[in-house]
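Asker: model-v3.cif is reproduced in full below (mmCIF, C-alpha atoms).
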```cif
data_target
#
loop_
_atom_site.label_atom_id
_atom_site.label_comp_id
_atom_site.auth_asym_id
_atom_site.auth_seq_id
_atom_site.Cartn_x
_atom_site.Cartn_y
_atom_site.Cartn_z
CA MET A 1026 88.78 -32.67 90.08
CA ARG A 1027 90.04 -29.48 88.43
CA GLY A 1028 87.12 -29.16 86.02
CA LYS A 1029 84.62 -29.34 88.86
CA LYS A 1030 85.89 -26.45 90.92
CA LYS A 1031 83.40 -23.97 92.32
CA PRO A 1032 80.15 -25.23 90.80
CA TRP A 1033 78.27 -22.75 93.02
CA LEU A 1034 79.80 -19.92 90.99
CA LYS A 1035 78.00 -21.09 87.88
CA VAL A 1036 74.75 -21.54 89.77
CA THR A 1037 74.98 -18.07 91.26
CA ALA A 1038 75.80 -16.52 87.91
CA ALA A 1039 72.89 -18.33 86.26
CA THR A 1040 70.52 -17.22 89.01
CA LEU A 1041 71.65 -13.60 88.71
CA LEU A 1042 71.24 -13.70 84.94
CA MET A 1043 67.74 -15.12 85.31
CA GLY A 1044 66.94 -12.35 87.76
CA LEU A 1045 68.09 -9.80 85.20
CA VAL A 1046 65.79 -11.30 82.60
CA LEU A 1047 62.80 -11.43 84.94
CA ALA A 1048 63.21 -8.05 86.61
CA PRO A 1049 61.71 -5.71 83.98
CA CYS A 1050 58.76 -8.03 83.37
CA HIS A 1051 55.91 -5.56 84.01
CA ALA A 1052 52.63 -5.71 82.22
CA VAL A 1053 52.24 -1.94 82.04
CA THR A 1054 52.59 -0.82 78.43
CA PRO A 1055 53.97 2.60 77.44
CA ASP A 1056 50.60 3.84 76.15
CA GLU A 1057 49.09 3.37 79.60
CA VAL A 1058 51.66 5.47 81.42
CA LEU A 1059 50.45 8.86 82.64
CA LYS A 1060 52.42 11.98 81.71
CA ASP A 1061 52.42 13.23 85.29
CA PRO A 1062 55.13 11.19 87.07
CA VAL A 1063 53.57 11.76 90.51
CA LEU A 1064 50.19 10.43 89.38
CA GLU A 1065 51.88 7.57 87.56
CA SER A 1066 53.81 6.49 90.64
CA ARG A 1067 50.60 6.63 92.69
CA ALA A 1068 48.90 4.52 90.05
CA ARG A 1069 51.74 2.02 90.06
CA ALA A 1070 51.71 1.74 93.84
CA LEU A 1071 47.93 1.30 93.89
CA SER A 1072 47.78 -1.24 91.11
CA GLN A 1073 50.38 -3.37 92.86
CA GLN A 1074 47.87 -3.71 95.71
CA LEU A 1075 44.97 -4.72 93.48
CA ARG A 1076 44.32 -8.27 92.47
CA CYS A 1077 43.65 -9.22 88.89
CA VAL A 1078 40.22 -10.90 88.94
CA VAL A 1079 41.07 -13.09 85.96
CA CYS A 1080 44.44 -14.54 86.95
CA GLN A 1081 43.90 -13.98 90.67
CA ASN A 1082 47.40 -14.55 92.01
CA GLN A 1083 48.81 -11.55 90.22
CA SER A 1084 48.28 -7.86 90.82
CA ILE A 1085 46.78 -5.86 87.96
CA ASP A 1086 50.21 -4.24 87.69
CA ASP A 1087 51.76 -7.61 86.81
CA SER A 1088 49.00 -9.20 84.80
CA ASN A 1089 48.78 -9.29 81.03
CA ALA A 1090 45.07 -10.10 81.08
CA PRO A 1091 42.98 -7.69 78.97
CA LEU A 1092 40.73 -6.97 81.95
CA ALA A 1093 43.78 -6.06 84.06
CA HIS A 1094 44.80 -3.63 81.32
CA ASP A 1095 41.31 -2.08 81.39
CA LEU A 1096 41.44 -1.75 85.16
CA ARG A 1097 44.88 -0.11 85.05
CA VAL A 1098 43.61 2.42 82.52
CA LEU A 1099 40.45 2.98 84.56
CA LEU A 1100 42.50 3.50 87.72
CA ARG A 1101 44.70 6.06 85.98
CA GLU A 1102 41.66 7.88 84.61
CA ARG A 1103 40.19 8.16 88.06
CA LEU A 1104 43.43 9.43 89.59
CA ALA A 1105 43.81 11.94 86.76
CA ALA A 1106 40.23 13.08 87.41
CA GLY A 1107 41.19 13.90 91.00
CA ASP A 1108 40.27 10.76 92.94
CA SER A 1109 42.23 10.07 96.10
CA ASP A 1110 43.91 6.66 96.38
CA GLN A 1111 41.13 5.57 98.72
CA GLN A 1112 38.38 6.73 96.36
CA ALA A 1113 39.95 4.95 93.41
CA THR A 1114 40.32 1.74 95.42
CA ASP A 1115 36.76 2.00 96.74
CA PHE A 1116 35.52 2.36 93.19
CA LEU A 1117 36.90 -1.08 92.34
CA VAL A 1118 35.90 -2.63 95.65
CA ALA A 1119 32.30 -1.53 95.00
CA ARG A 1120 32.36 -3.61 91.81
CA TYR A 1121 34.54 -6.58 92.65
CA GLY A 1122 34.45 -6.70 96.43
CA ASN A 1123 37.29 -6.99 98.91
CA PHE A 1124 38.53 -9.80 96.70
CA VAL A 1125 40.41 -7.23 94.58
CA LEU A 1126 42.48 -6.14 97.54
CA LEU A 1127 45.62 -8.24 97.79
CA LYS A 1128 45.77 -7.25 101.44
CA PRO A 1129 42.27 -7.86 102.78
CA PRO A 1130 40.93 -5.46 105.42
CA LEU A 1131 40.18 -6.67 108.95
CA HIS A 1132 36.47 -7.37 108.82
CA TRP A 1133 34.20 -9.81 110.64
CA ASN A 1134 34.50 -12.37 107.85
CA THR A 1135 38.26 -11.97 107.44
CA VAL A 1136 39.04 -12.38 111.14
CA PRO A 1137 39.91 -16.11 110.72
CA LEU A 1138 42.30 -15.10 107.95
CA TRP A 1139 44.11 -12.62 110.18
CA ILE A 1140 44.19 -14.48 113.49
CA GLY A 1141 44.17 -18.04 112.09
CA PRO A 1142 47.95 -18.35 111.68
CA PHE A 1143 48.59 -17.06 115.19
CA LEU A 1144 45.95 -19.38 116.58
CA ILE A 1145 47.57 -22.37 114.86
CA LEU A 1146 50.99 -21.23 116.10
CA LEU A 1147 49.60 -21.04 119.64
CA ILE A 1148 48.09 -24.53 119.42
CA ALA A 1149 51.34 -25.89 118.00
CA GLY A 1150 53.28 -24.16 120.78
CA ILE A 1151 51.09 -25.72 123.46
CA GLY A 1152 51.47 -29.10 121.76
CA PHE A 1153 55.27 -28.78 121.68
CA ARG A 1154 55.46 -27.72 125.31
CA ARG A 1155 53.35 -30.59 126.43
CA TYR A 1156 55.27 -33.09 124.31
CA PHE A 1157 58.77 -31.98 125.28
CA GLY A 1158 57.76 -31.13 128.82
CA ARG A 1159 56.62 -34.71 129.31
CA SER A 1160 59.75 -36.31 127.85
CA LYS A 1161 62.00 -34.15 130.07
CA HIS A 1162 59.98 -35.33 133.02
CA ALA A 1163 60.48 -38.95 131.92
CA ALA A 1164 64.26 -38.40 131.64
CA THR A 1165 64.59 -37.55 135.37
CA PRO A 1166 63.12 -40.54 137.21
CA GLU A 1167 62.39 -40.51 140.94
CA ALA A 1168 65.34 -40.96 143.29
CA PRO A 1169 66.14 -44.69 143.60
CA SER A 1170 65.14 -46.37 146.85
CA PRO A 1171 68.07 -47.08 149.16
CA LEU A 1172 69.66 -50.55 148.95
CA SER A 1173 68.34 -53.22 151.22
CA ASP A 1174 70.65 -54.99 153.72
CA ASN A 1175 70.77 -57.99 151.42
CA GLU A 1176 71.90 -55.87 148.51
CA GLU A 1177 74.48 -54.04 150.65
CA GLN A 1178 76.01 -57.37 151.58
CA ARG A 1179 76.17 -58.56 147.97
CA LEU A 1180 77.71 -55.30 146.87
CA GLU A 1181 80.30 -55.53 149.62
CA MET A 1182 81.08 -59.05 148.56
CA LEU A 1183 81.44 -58.19 144.88
CA LEU A 1184 83.63 -55.17 145.56
CA GLY A 1185 85.69 -57.11 148.02
CA ASP A 1186 86.18 -59.84 145.44
CA GLY A 1187 87.27 -57.25 142.90
CA ARG A 1188 89.96 -55.92 145.19
CA SER A 1189 91.32 -59.33 146.15
CA VAL A 1190 91.90 -60.46 142.53
CA MET B 302 43.98 -50.34 123.96
CA LEU B 303 45.56 -46.96 123.30
CA PRO B 304 44.55 -44.04 125.52
CA ALA B 305 42.04 -41.69 123.94
CA ARG B 306 44.61 -38.93 124.03
CA SER B 307 46.78 -40.63 121.42
CA PHE B 308 44.01 -40.14 118.84
CA ILE B 309 44.18 -36.34 119.10
CA PRO B 310 46.78 -35.94 116.29
CA LEU B 311 44.76 -38.20 114.01
CA ALA B 312 41.58 -36.25 114.78
CA ALA B 313 43.37 -32.97 114.15
CA PHE B 314 44.71 -34.27 110.85
CA LEU B 315 41.26 -35.44 109.74
CA ALA B 316 39.76 -32.07 110.68
CA VAL B 317 42.35 -30.20 108.60
CA ALA B 318 41.94 -32.66 105.71
CA ALA B 319 38.16 -32.17 105.77
CA LEU B 320 38.58 -28.39 105.79
CA LEU B 321 40.94 -28.53 102.82
CA ALA B 322 38.66 -30.95 100.98
CA ILE B 323 35.80 -28.46 101.34
CA GLY B 324 38.13 -25.69 100.16
CA LEU B 325 38.98 -27.67 97.04
CA GLN B 326 35.30 -27.77 96.07
CA ASN B 327 35.22 -23.99 95.80
CA ASP B 328 35.93 -22.62 92.36
CA PRO B 329 38.17 -19.61 93.01
CA HIS B 330 37.02 -18.07 89.75
CA LYS B 331 33.50 -17.70 91.06
CA ILE B 332 33.96 -14.62 93.15
CA PRO B 333 30.71 -13.40 94.69
CA SER B 334 28.99 -10.47 93.00
CA MET B 335 28.84 -7.19 94.88
CA LEU B 336 25.71 -6.14 93.03
CA ILE B 337 23.20 -8.63 94.37
CA ASP B 338 19.97 -6.82 95.35
CA LYS B 339 21.34 -3.56 94.00
CA PRO B 340 19.90 -1.67 91.04
CA THR B 341 21.54 -2.30 87.69
CA PRO B 342 24.24 0.36 87.20
CA ASP B 343 23.27 3.13 84.80
CA PHE B 344 24.40 2.63 81.26
CA ALA B 345 23.48 3.69 77.76
CA LEU B 346 24.95 1.72 74.90
CA THR B 347 24.51 1.60 71.17
CA SER B 348 22.58 -1.47 70.19
CA LEU B 349 23.98 -4.08 67.88
CA THR B 350 21.72 -3.13 65.01
CA GLY B 351 22.10 0.58 65.70
CA ASP B 352 18.67 1.28 64.26
CA ASP B 353 16.76 1.80 67.52
CA ASN B 354 17.22 3.81 70.68
CA GLY B 355 20.15 1.75 71.87
CA PHE B 356 20.21 -0.31 75.01
CA SER B 357 20.15 1.13 78.52
CA HIS B 358 19.37 0.16 82.11
CA HIS B 359 15.82 1.44 81.56
CA ASP B 360 15.22 -1.49 79.21
CA LEU B 361 15.77 -3.85 82.16
CA LYS B 362 12.80 -2.52 84.13
CA GLY B 363 9.22 -3.72 84.01
CA ASN B 364 9.95 -7.38 83.41
CA VAL B 365 11.87 -10.15 85.05
CA SER B 366 14.71 -10.59 82.60
CA LEU B 367 18.13 -12.08 81.98
CA LEU B 368 21.18 -10.05 81.09
CA ASN B 369 23.72 -12.27 79.37
CA VAL B 370 27.28 -11.01 78.96
CA PHE B 371 28.85 -12.55 75.86
CA ALA B 372 31.47 -12.06 73.18
CA SER B 373 32.19 -13.59 69.81
CA TRP B 374 35.70 -14.51 70.99
CA CYS B 375 34.45 -16.50 73.96
CA PRO B 376 34.38 -20.31 73.68
CA GLY B 377 32.08 -20.70 76.70
CA CYS B 378 29.49 -18.53 74.98
CA ARG B 379 29.37 -20.97 72.09
CA VAL B 380 28.79 -23.77 74.60
CA GLU B 381 25.84 -22.05 76.23
CA HIS B 382 24.36 -20.62 73.02
CA PRO B 383 22.02 -23.53 72.21
CA MET B 384 20.63 -23.25 75.73
CA LEU B 385 19.91 -19.55 75.24
CA MET B 386 18.24 -20.32 71.90
CA GLN B 387 16.06 -22.88 73.61
CA LEU B 388 15.08 -20.38 76.32
CA ALA B 389 14.34 -17.71 73.73
CA ALA B 390 12.15 -20.13 71.82
CA ARG B 391 10.19 -20.89 75.01
CA GLY B 392 9.72 -17.15 75.47
CA ASP B 393 9.33 -17.30 79.25
CA VAL B 394 11.86 -14.63 79.99
CA PRO B 395 13.38 -11.94 77.77
CA ILE B 396 17.14 -12.28 77.35
CA TYR B 397 19.20 -9.15 76.87
CA GLY B 398 22.75 -9.32 75.62
CA LEU B 399 25.76 -7.32 76.68
CA ASN B 400 28.38 -7.74 73.99
CA TRP B 401 31.53 -7.30 76.05
CA LYS B 402 34.91 -6.17 74.72
CA ASP B 403 34.04 -7.19 71.21
CA ARG B 404 33.80 -5.61 67.78
CA GLN B 405 30.41 -4.86 66.28
CA ALA B 406 31.22 -6.60 62.99
CA ASP B 407 32.45 -9.72 64.81
CA SER B 408 29.43 -9.99 67.05
CA LYS B 409 27.06 -9.38 64.13
CA ARG B 410 28.70 -12.17 62.19
CA TRP B 411 28.70 -14.44 65.22
CA LEU B 412 24.99 -13.92 65.89
CA ALA B 413 24.13 -14.33 62.22
CA LYS B 414 25.92 -17.66 62.21
CA ASN B 415 24.63 -18.97 65.54
CA GLN B 416 21.22 -17.23 65.53
CA ASN B 417 20.18 -14.47 67.88
CA PRO B 418 18.41 -15.29 71.16
CA TYR B 419 18.50 -11.70 72.45
CA ALA B 420 15.64 -9.25 72.73
CA ARG B 421 18.25 -6.52 72.44
CA VAL B 422 22.01 -6.38 72.41
CA GLY B 423 24.14 -3.52 73.73
CA LEU B 424 27.69 -3.00 72.48
CA ASP B 425 30.17 -2.56 75.30
CA GLU B 426 33.31 -2.33 73.24
CA SER B 427 35.37 -0.63 75.96
CA GLY B 428 34.19 -3.10 78.57
CA ARG B 429 33.28 -0.34 81.02
CA VAL B 430 29.68 -1.41 81.54
CA GLY B 431 30.98 -4.92 82.21
CA ILE B 432 33.35 -3.52 84.85
CA ASP B 433 30.45 -1.60 86.43
CA LEU B 434 28.64 -4.95 86.63
CA GLY B 435 31.68 -6.60 88.19
CA VAL B 436 32.12 -8.94 85.25
CA THR B 437 35.26 -11.07 85.53
CA GLY B 438 34.81 -13.06 82.34
CA VAL B 439 32.36 -14.27 79.76
CA PRO B 440 29.81 -15.74 79.71
CA GLU B 441 28.11 -14.37 82.76
CA THR B 442 24.40 -14.08 83.33
CA PHE B 443 22.42 -11.80 85.63
CA VAL B 444 18.81 -12.24 86.70
CA ILE B 445 17.09 -8.88 86.97
CA ASP B 446 13.76 -8.34 88.65
CA ARG B 447 10.89 -6.07 87.61
CA THR B 448 12.29 -3.06 89.42
CA GLY B 449 15.62 -3.38 87.60
CA ARG B 450 17.41 -4.84 90.59
CA ILE B 451 20.07 -7.53 90.13
CA ARG B 452 19.00 -10.65 91.99
CA TYR B 453 21.49 -13.26 90.89
CA ARG B 454 24.64 -13.69 88.90
CA TYR B 455 25.93 -16.88 87.36
CA PRO B 456 29.49 -16.89 86.01
CA GLY B 457 30.14 -19.46 83.30
CA PRO B 458 28.00 -21.14 80.67
CA ILE B 459 24.39 -21.96 81.52
CA THR B 460 23.70 -25.63 81.06
CA GLN B 461 20.42 -27.52 81.43
CA GLU B 462 21.43 -28.52 84.99
CA VAL B 463 22.49 -25.01 85.96
CA TRP B 464 19.25 -23.63 84.60
CA GLN B 465 17.10 -26.07 86.52
CA GLU B 466 19.06 -25.75 89.73
CA HIS B 467 19.68 -22.00 89.93
CA PHE B 468 17.54 -20.07 87.49
CA GLU B 469 14.17 -21.83 87.36
CA PRO B 470 13.37 -21.64 91.11
CA LEU B 471 14.46 -18.01 91.32
CA LEU B 472 12.43 -16.97 88.27
CA LYS B 473 9.41 -18.72 89.69
CA ASP B 474 9.88 -16.79 92.94
CA LEU B 475 10.31 -13.47 91.21
CA ARG B 476 7.26 -14.00 89.04
CA GLY B 477 5.23 -15.00 92.08
CA LEU B 478 5.87 -11.56 93.56
CA GLN B 479 3.61 -9.88 90.98
#
```
Mind turning the file's structure into structure tokens?
Answerer:
Amino acid sequence: MRGKKKPWLKVTAATLLMGLVLAPCHAVTPDEVLKDPVLESRARALSQQLRCVVCQNQSIDDSNAPLAHDLRVLLRERLAAGDSDQQATDFLVARYGNFVLLKPPLHWNTVPLWIGPFLILLIAGIGFRRYFGRSKHAATPEAPSPLSDNEEQRLEMLLGDGRSV
Amino acid sequence: MLPARSFIPLAAFLAVAALLAIGLQNDPHKIPSMLIDKPTPDFALTSLTGDDNGFSHHDLKGNVSLLNVFASWCPGCRVEHPMLMQLAARGDVPIYGLNWKDRQADSKRWLAKNQNPYARVGLDESGRVGIDLGVTGVPETFVIDRTGRIRYRYPGPITQEVWQEHFEPLLKDLRGLQ
């Protein structure tokens, strides 16, 4: 028993160590970084919102794909040339569509995406209410009908018997 | 006999399953092009041979043509190459090449080895023209009409089936508009 004490400590330590290893795993290479720290932080923030079109579930900030590298450099060039964040984003949207935005805008064809989860939640809620509402109803049956004279007599007899024994 | 109401969960499940089954048919790598029915973006590139006036968006006007994005490092391009050679031999439609994110020497060698189906090849070493075209990978092929407008984009290698299903009818249409 002594050797097995606190296994969670090892697990926690291992998890923390793994976190340390994974944390600095950015795809941005030093040669891409802009000299101006303000522009660079804008570029970082923007590129975390832009989807890599090759690997798709990563932002261009995270992705090692060559095209993601090109897009990061392009984004930084545009910011350095005086583009606003919106202009730089629009530049990419004009080429790759809303698909490059990790957070899609509310648009007629993205409405299902935005309200879908709430709609499903609503349907599920109604389903739950109906289901549990019904079972609660079943648990409280109608008041029993009063005993008939016959039953009263039998009850009297049984109870009377009980007392006499 | 069960009441009709008890089939609601089953019906709901089947509906969701059908929706997901349809979703699985979609290839997430085929994101729709933003450039359909828009003019080809302006570009001016050095041509592969370097001995003419280069390759620009002006070359894509006047004729219904194909613009094929390729690279020597791309396995899919090797797959579709015989098909492009066949189309070039038929001579129905001029094929222009955009050599994307590649080195001139490599692409020259590649085309020398596999033969050259292109009327003209532009070198897009930086990949910027590809980005202007919304290219996500190679190979990718655009159909361009007489006015230089992009009418269709196909991502991935062109096979016989793809050609017959997507390209042939469209080219027939575009030619009919003379």
Asker: Padding 5 Å on every side, please: axis-aligned box over the listed atoms of range 364-370 of chain B, centre and edge lengths to one decimal in Å, as JSON.
Answerer:
```
{"center_x": 18.6, "center_y": -9.8, "center_z": 82.0, "size_x": 27.3, "size_y": 14.9, "size_z": 16.1}
```
Asker: For the PyMOL selection byres ((chain A) within 6 of (chain B)), applied here, can you spell out every residue it catches as a ChimeraX atom specification?
Answerer: /A:1120-1122
Asker: What does the PyMOL selection byres ((chain B and resi 366) around 8) select in this file, as a PyMOL selection string?
Answerer: chain B and resi 361+364-365+367-368+394-397+444-447
Asker: Kindly save the residues from that selection, with C-alpha atoms included, as a PDB file, keeping the file's coordinate frame.
Answerer:
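The file below, result.pdb, is the result:
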```
ATOM      1  CA  LEU B 361      15.770  -3.850  82.160  1.00  0.00           C
ATOM      2  CA  ASN B 364       9.950  -7.380  83.410  1.00  0.00           C
ATOM      3  CA  VAL B 365      11.870 -10.150  85.050  1.00  0.00           C
ATOM      4  CA  LEU B 367      18.130 -12.080  81.980  1.00  0.00           C
ATOM      5  CA  LEU B 368      21.180 -10.050  81.090  1.00  0.00           C
ATOM      6  CA  VAL B 394      11.860 -14.630  79.990  1.00  0.00           C
ATOM      7  CA  PRO B 395      13.380 -11.940  77.770  1.00  0.00           C
ATOM      8  CA  ILE B 396      17.140 -12.280  77.350  1.00  0.00           C
ATOM      9  CA  TYR B 397      19.200  -9.150  76.870  1.00  0.00           C
ATOM     10  CA  VAL B 444      18.810 -12.240  86.700  1.00  0.00           C
ATOM     11  CA  ILE B 445      17.090  -8.880  86.970  1.00  0.00           C
ATOM     12  CA  ASP B 446      13.760  -8.340  88.650  1.00  0.00           C
ATOM     13  CA  ARG B 447      10.890  -6.070  87.610  1.00  0.00           C
TER      14      ARG B 447
END
```
Asker: I'd like the neighbourhood of Asn354 in chain B as a list of chain:residue names, where a residue qualifies if any of its atoms comes within 12 Å (using all atoms listed in the file), though same-chain residues fewer than 5 positions away should be ignored.
Answerer: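 Returned residues: B:Ala345, B:Leu346, B:Thr347, B:Ser348, B:Leu349, B:His359, B:Asp360, B:Arg421, B:Val422, B:Gly423.
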Asker: Please write as a PyMOL selection string the full residue list that the PyMOL selection byres ((chain B and resi 376-391) around 6) yields on this file.
Answerer: chain B and resi 375+392-393+418+440+458-459
Asker: Pick from A:Thr1114, A:Thr1040, A:Thr1054, A:Ser1109: nearest to Arg1076 in chain A, with only C-alpha atoms counted?
Answerer: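 Of all the options, A:Thr1114 lies closest to Arg1076 in chain A.
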Asker: State, in Å with one decimal place, the distance from CA of Leu303 in chain B to CA of Ile1148 in chain A.
Answerer: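 Here the two named atoms are 22.9 Å from each other.
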Asker: What lies within 10 Å of range 1092-1099 of chain A using all atoms listed in the file, ignoring chain neighbours under 2 positions off, as number ranges by chain?
Answerer: A: 1052-1054, 1056-1059, 1068-1069, 1071-1072, 1075-1080, 1083-1090, 1101-1105, 1113, 1116-1117; B: 402, 427-429, 431-432, 436-438
Asker: Here is a test: counting only C-alpha atoms, which residue of B:Gly324, B:Gly363, B:Gly477, B:Gly351 is nearest to Gln405 in chain B?
Answerer: B:Gly351
Asker: Suppose you want the space between CA of Ile451 in chain B and CA of Gln465 in chain B; what is it in Å?
Answerer: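 Between CA of Ile451 in chain B and CA of Gln465 in chain B the gap is 19.1 Å.
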Asker: CA of Leu475 in chain B to CA of Phe1124 in chain A: how many Å, to one decimal?
Answerer: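 Those two atoms sit 29.0 Å apart.
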